[in-house]
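Here is the file structure.cif (mmCIF, C-alpha atoms).
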data_my_file
loop_
_atom_site.label_atom_id
_atom_site.label_comp_id
_atom_site.auth_asym_id
_atom_site.auth_seq_id
_atom_site.Cartn_x
_atom_site.Cartn_y
_atom_site.Cartn_z
CA MET A 14 19.01 -14.41 9.23
CA ILE A 15 16.23 -13.43 6.80
CA VAL A 16 14.23 -11.66 9.52
CA ARG A 17 17.31 -9.81 10.79
CA HIS A 18 18.05 -8.53 7.28
CA GLY A 19 14.43 -8.29 6.13
CA ARG A 20 14.79 -4.71 4.88
CA LEU A 21 17.71 -5.65 2.65
CA VAL A 22 15.84 -8.71 1.39
CA MET A 23 13.01 -6.43 0.20
CA VAL A 24 15.51 -4.15 -1.57
CA LEU A 25 17.01 -7.23 -3.20
CA GLY A 26 13.56 -8.03 -4.58
CA LEU A 27 13.33 -4.60 -6.23
CA VAL A 28 16.84 -4.84 -7.67
CA THR A 29 16.14 -8.32 -9.01
CA GLY A 30 12.95 -7.11 -10.70
CA VAL A 31 14.78 -4.23 -12.40
CA ALA A 32 17.75 -6.37 -13.44
CA PHE A 33 15.62 -9.23 -14.79
CA PRO A 34 12.54 -7.74 -16.47
CA ALA A 35 11.59 -11.08 -18.03
CA LEU A 36 11.42 -12.64 -14.56
CA SER A 37 9.36 -9.69 -13.32
CA ALA A 38 6.94 -10.00 -16.24
CA GLY A 39 6.65 -13.75 -15.70
CA LEU A 40 5.77 -13.34 -12.03
CA ARG A 41 3.26 -10.56 -12.52
CA PRO A 42 0.26 -12.80 -13.42
CA TRP A 43 0.78 -14.56 -10.07
CA LEU A 44 0.66 -11.30 -8.11
CA PRO A 45 -2.86 -11.82 -6.68
CA HIS A 46 -1.80 -15.25 -5.35
CA PHE A 47 1.33 -13.79 -3.75
CA VAL A 48 -0.69 -10.99 -2.15
CA ALA A 49 -3.28 -13.45 -0.82
CA LEU A 50 -0.58 -15.62 0.77
CA MET A 51 1.17 -12.62 2.33
CA LEU A 52 -2.14 -11.37 3.74
CA PHE A 53 -2.82 -14.80 5.17
CA LEU A 54 0.58 -14.94 6.89
CA THR A 55 0.24 -11.42 8.27
CA ALA A 56 -3.30 -11.92 9.58
CA PHE A 57 -2.36 -15.28 11.12
CA ARG A 58 0.56 -13.67 12.96
CA ILE A 59 -1.48 -10.75 14.32
CA GLY A 60 -4.59 -12.75 15.21
CA PRO A 61 -8.25 -11.67 15.24
CA ARG A 62 -8.31 -10.15 18.73
CA ALA A 63 -5.49 -7.68 18.08
CA ALA A 64 -6.51 -7.00 14.49
CA LEU A 65 -10.15 -6.14 15.16
CA GLY A 66 -9.55 -4.21 18.38
CA THR A 67 -12.45 -2.49 20.10
CA ALA A 68 -15.55 -0.81 18.69
CA SER A 69 -13.80 2.51 19.25
CA ASP A 70 -10.84 1.29 17.17
CA ILE A 71 -13.16 0.37 14.29
CA ARG A 72 -14.92 3.76 14.41
CA GLY A 73 -11.58 5.52 14.39
CA SER A 74 -10.43 3.48 11.39
CA VAL A 75 -13.60 4.36 9.48
CA GLY A 76 -13.08 8.06 10.19
CA LEU A 77 -9.45 7.97 9.09
CA ALA A 78 -10.33 5.99 5.95
CA LEU A 79 -12.82 8.69 4.95
CA ILE A 80 -10.17 11.37 5.50
CA PHE A 81 -7.49 9.47 3.59
CA GLN A 82 -9.67 8.27 0.68
CA VAL A 83 -12.22 11.09 0.22
CA VAL A 84 -11.12 14.33 1.88
CA MET A 85 -7.48 14.13 0.77
CA PRO A 86 -8.11 13.46 -2.96
CA LEU A 87 -10.88 16.07 -3.22
CA ALA A 88 -8.67 18.63 -1.49
CA GLY A 89 -5.86 17.65 -3.87
CA LEU A 90 -8.14 18.14 -6.89
CA ALA A 91 -9.10 21.59 -5.63
CA VAL A 92 -5.43 22.55 -5.40
CA PHE A 93 -4.61 21.13 -8.85
CA THR A 94 -7.59 22.96 -10.38
CA ALA A 95 -6.52 26.23 -8.78
CA LEU A 96 -3.05 25.74 -10.27
CA GLY A 97 -4.50 24.84 -13.68
CA ILE A 98 -2.80 21.43 -13.82
CA GLU A 99 -5.78 19.15 -13.14
CA LEU A 100 -5.51 17.48 -16.58
CA THR A 101 -1.81 16.63 -16.38
CA PRO A 102 -0.50 13.06 -15.85
CA LEU A 103 1.06 14.19 -12.55
CA ALA A 104 -2.28 15.41 -11.20
CA LEU A 105 -4.00 12.21 -12.36
CA VAL A 106 -1.54 9.90 -10.66
CA LEU A 107 -1.51 11.88 -7.41
CA MET A 108 -5.31 11.81 -7.34
CA LEU A 109 -5.28 8.04 -7.81
CA VAL A 110 -2.71 7.69 -5.00
CA LEU A 111 -4.89 9.70 -2.63
CA ALA A 112 -8.07 7.85 -3.60
CA SER A 113 -6.59 4.39 -3.02
CA ALA A 114 -6.79 2.19 0.05
CA THR A 115 -3.50 1.19 1.62
CA VAL A 116 -1.27 -1.55 0.24
CA THR A 117 -1.48 -5.08 1.59
CA GLY A 118 2.10 -4.78 2.85
CA ALA A 119 1.34 -1.88 5.22
CA PRO A 120 1.14 -4.09 8.35
CA ASN A 121 4.45 -5.72 7.41
CA PHE A 122 6.22 -2.38 6.92
CA THR A 123 4.84 -1.21 10.27
CA MET A 124 6.09 -4.37 11.97
CA MET A 125 9.56 -3.96 10.45
CA LEU A 126 9.72 -0.48 11.98
CA GLY A 127 9.04 -1.92 15.43
CA HIS A 128 5.44 -0.72 15.80
CA ASP A 129 2.14 -2.51 16.37
CA PRO A 130 0.88 -3.72 12.95
CA ALA A 131 -2.73 -4.26 14.10
CA PRO A 132 -3.92 -0.67 13.37
CA ALA A 133 -2.47 -0.91 9.85
CA LEU A 134 -4.21 -4.25 9.23
CA ARG A 135 -7.45 -2.76 10.53
CA MET A 136 -7.10 0.16 8.12
CA LEU A 137 -6.33 -2.24 5.28
CA MET A 138 -9.56 -4.11 5.91
CA VAL A 139 -11.73 -1.04 6.59
CA GLY A 140 -10.26 1.09 3.80
CA THR A 141 -10.65 -1.67 1.23
CA ALA A 142 -14.20 -2.43 2.37
CA LEU A 143 -15.15 1.23 2.02
CA LEU A 144 -13.33 1.76 -1.28
CA PRO A 145 -16.31 0.99 -3.55
CA LEU A 146 -18.10 3.86 -1.79
CA THR A 147 -15.25 6.31 -1.17
CA VAL A 148 -14.03 6.10 -4.76
CA LEU A 149 -17.35 7.27 -6.22
CA PRO A 150 -17.17 11.01 -5.43
CA VAL A 151 -13.48 11.09 -6.33
CA LEU A 152 -13.91 9.43 -9.74
CA TRP A 153 -16.97 11.54 -10.42
CA ALA A 154 -14.94 14.70 -9.75
CA MET A 155 -11.86 13.70 -11.78
CA PRO A 156 -11.99 15.24 -15.27
CA GLN A 157 -9.98 12.38 -16.85
CA LEU A 158 -12.55 9.68 -16.00
CA SER A 159 -16.09 9.05 -17.14
CA GLY A 160 -17.11 5.64 -15.76
CA THR A 161 -16.86 3.75 -12.49
CA ALA A 162 -18.23 0.27 -13.19
CA GLU A 163 -14.82 -1.34 -13.82
CA VAL A 164 -13.28 0.29 -10.76
CA LEU A 165 -16.12 -0.85 -8.53
CA GLY A 166 -15.82 -4.38 -9.91
CA ALA A 167 -12.08 -4.44 -9.27
CA ALA A 168 -12.56 -3.02 -5.77
CA SER A 169 -15.08 -5.75 -5.01
CA LYS A 170 -12.66 -8.42 -6.19
CA LEU A 171 -9.90 -6.95 -4.03
CA LEU A 172 -12.22 -6.86 -1.04
CA ALA A 173 -13.12 -10.52 -1.61
CA LEU A 174 -9.44 -11.46 -1.84
CA ILE A 175 -8.58 -9.68 1.39
CA GLY A 176 -11.68 -10.93 3.19
CA ALA A 177 -11.12 -14.56 2.26
CA SER A 178 -7.40 -14.51 3.13
CA VAL A 179 -7.90 -12.77 6.46
CA ALA A 180 -10.96 -14.84 7.46
CA LEU A 181 -9.15 -18.12 6.76
CA ALA A 182 -6.12 -16.93 8.70
CA PHE A 183 -8.23 -15.93 11.71
CA VAL A 184 -10.12 -19.24 11.75
CA LEU A 185 -6.91 -21.28 11.61
CA ARG A 186 -5.22 -19.08 14.19
CA VAL A 187 -8.08 -19.56 16.67
CA THR A 188 -8.32 -23.31 16.09
CA LEU A 189 -4.65 -24.26 15.64
CA ARG A 190 -2.49 -21.63 17.36
CA PRO A 191 -4.41 -19.48 19.88
CA GLU A 192 -1.04 -18.42 21.28
CA LEU A 193 2.07 -18.13 19.11
CA SER A 194 5.49 -19.17 20.34
CA ALA A 195 8.65 -17.23 19.53
CA ASP A 196 9.52 -19.85 16.90
CA ASP A 197 6.07 -19.52 15.33
CA ARG A 198 6.50 -15.76 14.99
CA THR A 199 9.96 -16.19 13.47
CA VAL A 200 8.69 -18.61 10.83
CA LEU A 201 5.82 -16.28 9.92
CA ASP A 202 8.13 -13.26 9.76
CA VAL A 203 10.47 -15.14 7.40
CA GLY A 204 7.54 -16.07 5.18
CA THR A 205 6.15 -12.53 4.92
CA THR A 206 9.61 -11.09 4.24
CA ILE A 207 10.21 -13.53 1.39
CA TRP A 208 6.82 -12.87 -0.15
CA LEU A 209 7.25 -9.11 0.08
CA ALA A 210 10.49 -9.52 -1.89
CA VAL A 211 8.75 -11.71 -4.49
CA ILE A 212 5.95 -9.17 -4.85
CA GLY A 213 8.58 -6.46 -5.31
CA ILE A 214 10.07 -8.42 -8.21
CA ALA A 215 6.65 -8.76 -9.86
CA LEU A 216 5.93 -5.02 -9.60
CA MET A 217 9.13 -3.92 -11.35
CA ALA A 218 8.15 -4.99 -14.89
CA ALA A 219 7.89 -1.43 -16.27
CA LEU A 220 10.84 0.13 -14.48
CA GLY A 221 13.73 -1.96 -15.82
CA PRO A 222 13.08 -1.31 -19.54
CA ALA A 223 12.40 2.40 -18.89
CA LEU A 224 15.78 2.80 -17.18
CA ARG A 225 17.40 1.64 -20.39
CA THR A 226 15.29 3.61 -22.86
CA ASP A 227 14.17 6.79 -21.06
CA PRO A 228 16.18 7.38 -17.86
CA ALA A 229 15.20 11.07 -17.68
CA SER A 230 11.53 10.17 -17.31
CA VAL A 231 12.42 7.63 -14.64
CA VAL A 232 14.20 10.33 -12.63
CA LEU A 233 11.24 12.72 -12.83
CA TRP A 234 8.65 10.09 -11.92
CA MET A 235 10.90 8.77 -9.15
CA LEU A 236 11.05 12.25 -7.61
CA ALA A 237 7.26 12.46 -7.79
CA ALA A 238 6.91 9.01 -6.17
CA PHE A 239 9.25 9.84 -3.28
CA GLY A 240 7.59 13.22 -2.78
CA ALA A 241 4.08 11.75 -2.69
CA ASN A 242 4.89 8.75 -0.49
CA TYR A 243 7.22 10.35 2.04
CA GLY A 244 5.35 13.67 2.04
CA LEU A 245 2.18 11.85 3.13
CA GLN A 246 4.03 9.75 5.68
CA VAL A 247 5.82 12.70 7.29
CA SER A 248 2.80 15.02 7.39
CA THR A 249 0.47 12.28 8.72
CA ARG A 250 2.82 11.17 11.48
CA LEU A 251 3.63 14.72 12.61
CA GLY A 252 -0.07 15.61 12.57
CA LEU A 253 -1.05 12.60 14.69
CA LEU A 254 1.79 13.22 17.14
CA ALA A 255 0.61 16.82 17.54
CA TRP A 256 -2.91 15.45 18.12
CA GLY A 257 -1.60 13.18 20.87
CA LYS A 258 -2.14 9.93 18.92
CA ARG A 259 1.35 8.54 19.35
CA ALA A 260 0.27 4.87 19.40
CA ILE A 261 -1.10 5.01 15.86
CA ALA A 262 1.13 7.74 14.40
CA THR A 263 3.50 5.38 12.59
CA PRO A 264 0.93 2.78 11.43
CA MET A 265 -1.31 5.52 10.02
CA ALA A 266 1.63 7.27 8.38
CA ILE A 267 2.52 4.00 6.63
CA VAL A 268 -1.12 3.64 5.56
CA ALA A 269 -1.33 7.24 4.29
CA GLY A 270 1.85 7.12 2.23
CA ASN A 271 1.64 3.62 0.77
CA ARG A 272 -1.46 3.16 -1.38
CA ASN A 273 -2.67 0.32 -3.61
CA LEU A 274 -2.44 1.79 -7.11
CA ALA A 275 -2.53 -1.69 -8.64
CA LEU A 276 -6.33 -1.65 -8.30
CA PHE A 277 -6.63 1.22 -10.75
CA LEU A 278 -4.03 -0.32 -13.03
CA VAL A 279 -6.30 -3.30 -13.69
CA ALA A 280 -9.59 -1.41 -13.54
CA LEU A 281 -9.22 1.77 -15.58
CA PRO A 282 -8.98 2.04 -19.39
CA ALA A 283 -5.50 1.66 -20.89
CA ALA A 284 -5.69 5.19 -22.29
CA VAL A 285 -5.82 6.46 -18.70
CA THR A 286 -3.25 4.13 -17.13
CA ASP A 287 -0.61 3.94 -19.87
CA PRO A 288 0.89 7.39 -19.06
CA ILE A 289 1.30 6.45 -15.39
CA LEU A 290 2.67 2.91 -15.65
CA LEU A 291 6.18 4.19 -15.04
CA PHE A 292 5.08 6.07 -11.93
CA ILE A 293 3.52 2.91 -10.52
CA GLY A 294 6.86 1.11 -10.90
CA CYS A 295 8.73 4.03 -9.35
CA TYR A 296 6.22 4.21 -6.49
CA GLN A 297 7.32 0.78 -5.27
CA VAL A 298 10.83 2.08 -4.55
CA PRO A 299 10.03 4.55 -1.72
CA MET A 300 7.49 2.03 -0.45
CA TYR A 301 10.01 -0.79 -0.08
CA LEU A 302 12.72 1.58 1.18
CA THR A 303 10.51 3.00 3.94
CA PRO A 304 11.83 0.59 6.63
CA ILE A 305 15.37 1.76 5.77
CA LEU A 306 15.15 5.45 4.86
CA LEU A 307 12.48 6.44 7.39
CA ALA A 308 13.50 4.12 10.22
CA LYS A 309 14.94 6.94 12.34
CA PHE A 310 11.99 9.25 11.63
CA HIS A 311 9.45 6.62 12.69
CA ALA A 312 11.49 5.77 15.79
CA GLU A 313 11.40 9.31 17.12
CA SER A 314 8.67 10.43 19.51
#

Transcribe the structure of this file into structure tokens.
Amino acid sequence: MIVRHGRLVMVLGLVTGVAFPALSAGLRPWLPHFVALMLFLTAFRIGPRAALGTASDIRGSVGLALIFQVVMPLAGLAVFTALGIELTPLALVLMLVLASATVTGAPNFTMMLGHDPAPALRMLMVGTALLPLTVLPVLWAMPQLSGTAEVLGAASKLLALIGASVALAFVLRVTLRPELSADDRTVLDVGTTIWLAVIGIALMAALGPALRTDPASVVLWMLAAFGANYGLQVSTRLGLLAWGKRAIATPMAIVAGNRNLALFLVALPAAVTDPILLFIGCYQVPMYLTPILLAKFHAES
């Protein structure tokens, strides 16, 4: 039942977070634990053989991570500078989106759309591992920022979280369940769906109050969030299809559009992140609605 209606369960998580801001705020300190558990469940389901792939798969993931996390944000900064808007909150938040690694839920979203989640998990691991390096030229180029030590520290912590969760899952998968049964997969799918909904509740702390006090700003930031997320997904998938990379078109589109802004939220100074807190809440909405609103787009060849 939960697996069959997993997309609606995720939406319910967002709605619950908006409707009950106190609950959302109370869950937020537990967010790293929820993310670690979800990563564990996802990695256990996929298994090390499928997740790691071949040497060619790893090289391809490294190349795409460099494009997503270095080339894209620097190209974006060049465009914003040419337009004279490089110091605006909108330019700042879009640069942070482009500089981020993908969210931990990317393999789950890919799986819900009926595609192989292994490439997305590979990009999650590779992109996060490279983040302490890829973020350096981007932060150095951004006029709003002057230091990188906190960001690098936060990136290292995130990498440790992902590495420990995935490594434990792979070890237990190899030793306890080399081959999963249909029932095993169902139980794991139920678990990841529930935890995605719980994470959605925890990420809605800023959005509920803003809807009551400043709905106009919510509308504007929501439009920016949908434009950034779905614009990246659509352009990435169409580009990879044109390149003949149909097998990874959807996983990489999910990776490109759904980025882990939470890293910068905990790493950068409050003076930088305060103006974009509302965007970060809004950004979760297109992310969690991807399996519903873009289901037909990602199903097309």

For Arg250 of chain A, work out the shell of residues within 6 Å, counting only C-alpha atoms and skipping chain neighbours fewer than 5 positions away, then give it as an MDAnalysis selection string.
chainID A and resid 262:263 266

Within 12 Å of Leu302 of chain A, counting all atoms listed in the file, which residues show up once you throw out same-chain ones fewer than 6 positions away? Write them as an MDAnalysis selection string, please.
chainID A and resid 19:28 122 125:126 210 213 238:239 242:243 267 271 295:296 308

Contacts of segment 129-200 of chain A with segment 99-113 of chain A up to 9 Å, shortest pair per row, only C-alpha atoms, as a Markdown table:
| residue | atom | partner | partner_atom | distance |
| --- | --- | --- | --- | --- |
| A:Gly140 | CA | A:Ser113 | CA | 8.4 |
| A:Thr141 | CA | A:Ser113 | CA | 8.4 |
| A:Leu144 | CA | A:Ser113 | CA | 7.4 |
| A:Thr147 | CA | A:Ala112 | CA | 7.7 |
| A:Val148 | CA | A:Ala112 | CA | 6.3 |
| A:Val151 | CA | A:Ala112 | CA | 6.9 |
| A:Leu152 | CA | A:Ala112 | CA | 8.6 |
| A:Met155 | CA | A:Leu105 | CA | 8.0 |
| A:Pro156 | CA | A:Leu100 | CA | 7.0 |
| A:Gln157 | CA | A:Leu100 | CA | 6.8 |

Write a file of the selected residues as an mmCIF file, in the frame of the given file, keeping C-alpha atoms.
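Output (again-v8.cif):
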data_model
loop_
_atom_site.group_PDB
_atom_site.id
_atom_site.type_symbol
_atom_site.label_atom_id
_atom_site.label_comp_id
_atom_site.auth_asym_id
_atom_site.auth_seq_id
_atom_site.Cartn_x
_atom_site.Cartn_y
_atom_site.Cartn_z
ATOM 1 C CA GLY A 140 -10.260 1.090 3.800
ATOM 2 C CA THR A 141 -10.650 -1.670 1.230
ATOM 3 C CA LEU A 144 -13.330 1.760 -1.280
ATOM 4 C CA THR A 147 -15.250 6.310 -1.170
ATOM 5 C CA VAL A 148 -14.030 6.100 -4.760
ATOM 6 C CA VAL A 151 -13.480 11.090 -6.330
ATOM 7 C CA LEU A 152 -13.910 9.430 -9.740
ATOM 8 C CA MET A 155 -11.860 13.700 -11.780
ATOM 9 C CA PRO A 156 -11.990 15.240 -15.270
ATOM 10 C CA GLN A 157 -9.980 12.380 -16.850
#

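With distances restricted to only C-alpha atoms, A:Leu216 is the closest residue to Leu36 of chain A from A:Val92, A:Leu216, A:Ile175, A:Leu193.
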
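Excluding Val75 of chain A itself and same-chain residues fewer than 5 positions from it, the residues having an atom within 9 Å of it are A:Asp70, A:Ile80, A:Met136, A:Val139, A:Gly140, A:Leu143, counting only C-alpha atoms.
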
If the PyMOL selection byres ((chain A and resi 64) around 12) were run on this exact file, what residues would it hold? Put them as a PyMOL selection string.
chain A and resi 55-63+65-68+70-71+74+120+129-139+179-180+182-183

Please determine, counting all atoms listed in the file, which residue among A:Glu313, A:Leu307, A:Ala154, A:Thr29 has the shortest atom-to-atom distance to Leu90 of chain A.
A:Ala154

Return as JSON lines the residues of segment 163-247 of chain A lying at most 12 Å from segment 39-50 of chain A, together with the closest atom-to-atom pair for each and the distance in Å to one decimal, counting all atoms listed in the file, with rows in chain order and ascending residue number.
{"residue": "A:Lys170", "atom": "CA", "partner": "A:Pro45", "partner_atom": "CA", "distance": 10.4}
{"residue": "A:Leu171", "atom": "CA", "partner": "A:Pro45", "partner_atom": "CA", "distance": 9.0}
{"residue": "A:Leu172", "atom": "CA", "partner": "A:Ala49", "partner_atom": "CA", "distance": 11.1}
{"residue": "A:Ala173", "atom": "CA", "partner": "A:Ala49", "partner_atom": "CA", "distance": 10.3}
{"residue": "A:Leu174", "atom": "CA", "partner": "A:Ala49", "partner_atom": "CA", "distance": 6.6}
{"residue": "A:Ile175", "atom": "CA", "partner": "A:Ala49", "partner_atom": "CA", "distance": 6.9}
{"residue": "A:Gly176", "atom": "CA", "partner": "A:Ala49", "partner_atom": "CA", "distance": 9.6}
{"residue": "A:Ala177", "atom": "CA", "partner": "A:Ala49", "partner_atom": "CA", "distance": 8.5}
{"residue": "A:Ser178", "atom": "CA", "partner": "A:Ala49", "partner_atom": "CA", "distance": 5.8}
{"residue": "A:Val179", "atom": "CA", "partner": "A:Ala49", "partner_atom": "CA", "distance": 8.6}
{"residue": "A:Ala180", "atom": "CA", "partner": "A:Ala49", "partner_atom": "CA", "distance": 11.4}
{"residue": "A:Leu181", "atom": "CA", "partner": "A:Ala49", "partner_atom": "CA", "distance": 10.7}
{"residue": "A:Ala182", "atom": "CA", "partner": "A:Leu50", "partner_atom": "CA", "distance": 9.8}
{"residue": "A:Leu201", "atom": "CA", "partner": "A:Leu50", "partner_atom": "CA", "distance": 11.2}
{"residue": "A:Gly204", "atom": "CA", "partner": "A:Leu50", "partner_atom": "CA", "distance": 9.3}
{"residue": "A:Thr205", "atom": "CA", "partner": "A:Leu50", "partner_atom": "CA", "distance": 8.5}
{"residue": "A:Thr206", "atom": "CA", "partner": "A:Leu50", "partner_atom": "CA", "distance": 11.7}
{"residue": "A:Ile207", "atom": "CA", "partner": "A:Phe47", "partner_atom": "CA", "distance": 10.3}
{"residue": "A:Trp208", "atom": "CA", "partner": "A:Phe47", "partner_atom": "CA", "distance": 6.6}
{"residue": "A:Leu209", "atom": "CA", "partner": "A:Val48", "partner_atom": "CA", "distance": 8.5}
{"residue": "A:Ala210", "atom": "CA", "partner": "A:Phe47", "partner_atom": "CA", "distance": 10.3}
{"residue": "A:Val211", "atom": "CA", "partner": "A:Phe47", "partner_atom": "CA", "distance": 7.7}
{"residue": "A:Ile212", "atom": "CA", "partner": "A:Leu44", "partner_atom": "CA", "distance": 6.6}
{"residue": "A:Gly213", "atom": "CA", "partner": "A:Leu44", "partner_atom": "CA", "distance": 9.7}
{"residue": "A:Ile214", "atom": "CA", "partner": "A:Leu40", "partner_atom": "CA", "distance": 7.6}
{"residue": "A:Ala215", "atom": "CA", "partner": "A:Arg41", "partner_atom": "CA", "distance": 4.7}
{"residue": "A:Leu216", "atom": "CA", "partner": "A:Arg41", "partner_atom": "CA", "distance": 6.8}
{"residue": "A:Met217", "atom": "CA", "partner": "A:Arg41", "partner_atom": "CA", "distance": 8.9}
{"residue": "A:Ala218", "atom": "CA", "partner": "A:Arg41", "partner_atom": "CA", "distance": 7.8}
{"residue": "A:Ala219", "atom": "CA", "partner": "A:Arg41", "partner_atom": "CA", "distance": 10.9}

Output C-alpha atoms of each residue in that selection to a file, as a short mmCIF file (atom, residue, chain, number, x, y, z; two decimals), in the frame of the given file.
data_model
loop_
_atom_site.label_atom_id
_atom_site.label_comp_id
_atom_site.auth_asym_id
_atom_site.auth_seq_id
_atom_site.Cartn_x
_atom_site.Cartn_y
_atom_site.Cartn_z
CA LYS A 170 -12.66 -8.42 -6.19
CA LEU A 171 -9.90 -6.95 -4.03
CA LEU A 172 -12.22 -6.86 -1.04
CA ALA A 173 -13.12 -10.52 -1.61
CA LEU A 174 -9.44 -11.46 -1.84
CA ILE A 175 -8.58 -9.68 1.39
CA GLY A 176 -11.68 -10.93 3.19
CA ALA A 177 -11.12 -14.56 2.26
CA SER A 178 -7.40 -14.51 3.13
CA VAL A 179 -7.90 -12.77 6.46
CA ALA A 180 -10.96 -14.84 7.46
CA LEU A 181 -9.15 -18.12 6.76
CA ALA A 182 -6.12 -16.93 8.70
CA LEU A 201 5.82 -16.28 9.92
CA GLY A 204 7.54 -16.07 5.18
CA THR A 205 6.15 -12.53 4.92
CA THR A 206 9.61 -11.09 4.24
CA ILE A 207 10.21 -13.53 1.39
CA TRP A 208 6.82 -12.87 -0.15
CA LEU A 209 7.25 -9.11 0.08
CA ALA A 210 10.49 -9.52 -1.89
CA VAL A 211 8.75 -11.71 -4.49
CA ILE A 212 5.95 -9.17 -4.85
CA GLY A 213 8.58 -6.46 -5.31
CA ILE A 214 10.07 -8.42 -8.21
CA ALA A 215 6.65 -8.76 -9.86
CA LEU A 216 5.93 -5.02 -9.60
CA MET A 217 9.13 -3.92 -11.35
CA ALA A 218 8.15 -4.99 -14.89
CA ALA A 219 7.89 -1.43 -16.27
#

If you count only C-alpha atoms, which residues fall within 8 Å of Asn273 of chain A, apart from same-chain ones fewer than 3 positions away, as a list in words?
Val110, Ser113, Ala114, Thr115, Val116, Thr117 and Leu276 of chain A

Just write the chosen residues, C-alpha atoms, as a tab-separated table (two decimals), keeping the file's coordinate frame.
chain	number	residue	atom	x	y	z
A	110	VAL	CA	-2.71	7.69	-5.00
A	113	SER	CA	-6.59	4.39	-3.02
A	114	ALA	CA	-6.79	2.19	0.05
A	115	THR	CA	-3.50	1.19	1.62
A	116	VAL	CA	-1.27	-1.55	0.24
A	117	THR	CA	-1.48	-5.08	1.59
A	276	LEU	CA	-6.33	-1.65	-8.30
